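Okay, so here's the structure we're looking at.
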Amino acid sequence: MFDTGGQIDLDGAVATGVAAASSVLSTMASIPAGVLSDHALASATLQSLRHAVPSDRSVVFTGSSATTLAPVALRGATRVPWLGRSGGSTLLEAAASHPGPLIQTWSDATGERCVLSVPLVARSGEAIGLLVADRVASDPFTAEELGAAWLVARRTAPALGAALLFADLRARASLEERQRLARDIH
């Protein structure tokens with residue numbers, strides 16, 4: 001790529017990449033508002049989980065490690081009780097570092113709990129969050145329920161990954177537009 005008197009000349013590979021990106025962005029721009037909403041998709045994930053695996057509370061977290069996990073949608077609670085310490089490490093630290101579904105126990109004000117966590121993995125293979133559910137420990141999750149939660153996560157994670165990527169692109173575009181406007185004003 002080089003400057004030819006004020007015009008940019010793109011070599012074949014770059015031009016092909018720009019054309020492909022432009023096509024994808026045009027397609028994404030035509031998607032109705034709300035379809036690629038991370039909150040809406042996370043809420044739909046919890047609905048799917050609710051039908052597949054009975055639980056008292058559930059949450060979809062986004063983030064790639066225990067320190068970056070943030071709740072996007074909650075069901076059955078107005079807070080996330082799993083952020084405290086249990087045995088020297090949080091449930092989320094163990095779940096975020098585990099490559100597959102995990103069942104753990106947890107004690108809180110309501111008593112002993114059984115907690116199921118399943119990683120959410122984007123099409124790229126990148127960990128994008130966790131799907132977590134709990135219920136009383138006297139009714140532990142079964143192997144079949146663990147498999148059902150894993151299936152819900154595998155089916156919904158690619159769409160959630162796309163929504164998170166789309167939200168990031170929108171945030172970047174907004175920042176760039178604000179910076180451009182600031183430069184134009186000054």
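Chain labels follow the order of the structure tokens: the first chain is A, the next B, and so on; residue numbering restarts at 1 in every chain, and ligands are counted from 1 in their shown order.
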Give me the residues within 10 Å of Ala73 (chain A) as a short mmCIF file (atom, residue, chain, number, x, y, z; two decimals) with N, CA, C and O atoms, in the first residue's frame, counting only C-alpha atoms and dropping any in the same chain fewer than 5 places off.
data_model
loop_
_atom_site.label_atom_id
_atom_site.label_comp_id
_atom_site.auth_asym_id
_atom_site.auth_seq_id
_atom_site.Cartn_x
_atom_site.Cartn_y
_atom_site.Cartn_z
N ASP A 38 -26.33 -8.30 23.70
CA ASP A 38 -25.76 -9.29 24.60
C ASP A 38 -26.72 -9.60 25.76
O ASP A 38 -26.87 -10.76 26.15
N HIS A 39 -27.41 -8.59 26.27
CA HIS A 39 -28.36 -8.84 27.36
C HIS A 39 -29.53 -9.71 26.90
O HIS A 39 -29.92 -10.65 27.60
N ALA A 40 -30.09 -9.42 25.73
CA ALA A 40 -31.21 -10.22 25.22
C ALA A 40 -30.79 -11.67 24.96
O ALA A 40 -31.53 -12.60 25.31
N LEU A 41 -29.61 -11.85 24.38
CA LEU A 41 -29.14 -13.21 24.12
C LEU A 41 -28.81 -13.95 25.41
O LEU A 41 -29.07 -15.15 25.54
N ALA A 42 -28.25 -13.25 26.40
CA ALA A 42 -27.96 -13.87 27.69
C ALA A 42 -29.26 -14.26 28.40
O ALA A 42 -29.35 -15.34 28.99
N SER A 43 -30.27 -13.41 28.32
CA SER A 43 -31.57 -13.73 28.91
C SER A 43 -32.20 -14.94 28.23
O SER A 43 -32.77 -15.82 28.89
N ALA A 44 -32.08 -15.02 26.90
CA ALA A 44 -32.59 -16.18 26.16
C ALA A 44 -31.82 -17.45 26.56
O ALA A 44 -32.41 -18.54 26.65
N THR A 45 -30.53 -17.31 26.81
CA THR A 45 -29.72 -18.45 27.26
C THR A 45 -30.24 -18.95 28.60
O THR A 45 -30.38 -20.17 28.81
N LEU A 46 -30.56 -18.04 29.52
CA LEU A 46 -31.09 -18.45 30.83
C LEU A 46 -32.45 -19.11 30.69
O LEU A 46 -32.76 -20.06 31.43
N SER A 58 -29.68 -18.50 38.38
CA SER A 58 -28.75 -18.70 37.27
C SER A 58 -28.29 -17.34 36.77
O SER A 58 -28.96 -16.33 36.95
N VAL A 59 -27.14 -17.34 36.13
CA VAL A 59 -26.55 -16.10 35.63
C VAL A 59 -25.67 -16.40 34.42
O VAL A 59 -25.08 -17.48 34.32
N VAL A 60 -25.62 -15.45 33.51
CA VAL A 60 -24.66 -15.49 32.41
C VAL A 60 -23.64 -14.40 32.71
O VAL A 60 -23.99 -13.24 32.89
N PHE A 61 -22.39 -14.82 32.81
CA PHE A 61 -21.28 -13.89 32.98
C PHE A 61 -20.56 -13.76 31.65
O PHE A 61 -20.43 -14.74 30.91
N THR A 62 -20.06 -12.57 31.35
CA THR A 62 -19.15 -12.42 30.22
C THR A 62 -17.80 -12.01 30.77
O THR A 62 -17.70 -11.39 31.83
N THR A 78 -31.30 -11.14 42.63
CA THR A 78 -30.94 -9.77 42.25
C THR A 78 -29.47 -9.50 42.49
O THR A 78 -28.99 -8.42 42.25
N LEU A 131 -21.76 -19.78 32.15
CA LEU A 131 -23.16 -20.00 32.46
C LEU A 131 -23.17 -20.71 33.81
O LEU A 131 -22.54 -21.76 33.96
#
**Request:** Excluding region 146-161 of chain A and any residue of its chain fewer than 6 positions from it, enumerate the residues within 12 Å of it, using only C-alpha atoms, and give them as number ranges by chain.
**Result:** A: 35-55, 58-64, 72-73, 99-104, 114-134, 140, 167-168
**Prompt:** Tell me, which residues of chain A carry DSSP strand (DSSP E or B), written as a PyMOL selection string?
**Reply:** chain A and resi 2-3+8-9+57-62+70-75+86+89+102-108+111-121+127-136
**Request:** Run DSSP on the backbone of this structure and report the residues of region 83-168 of chain A it assigns to alpha helix (DSSP H), as a ChimeraX atom specification.
**Result:** /A:91-97,143-168
**Asked** What is the distance between CA of Ser174 (chain A) and CA of Thr67 (chain A), in Å to one decimal?
**Response**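 Spanning CA of Ser174 (chain A) to CA of Thr67 (chain A) is a straight-line distance of 26.1 Å.
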**Request:** Measure the distance from CA of Ala77 (chain A) to CA of Thr110 (chain A) in Å and round it to one decimal.
**Result:**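 Between CA of Ala77 (chain A) and CA of Thr110 (chain A) the gap works out to 12.3 Å.
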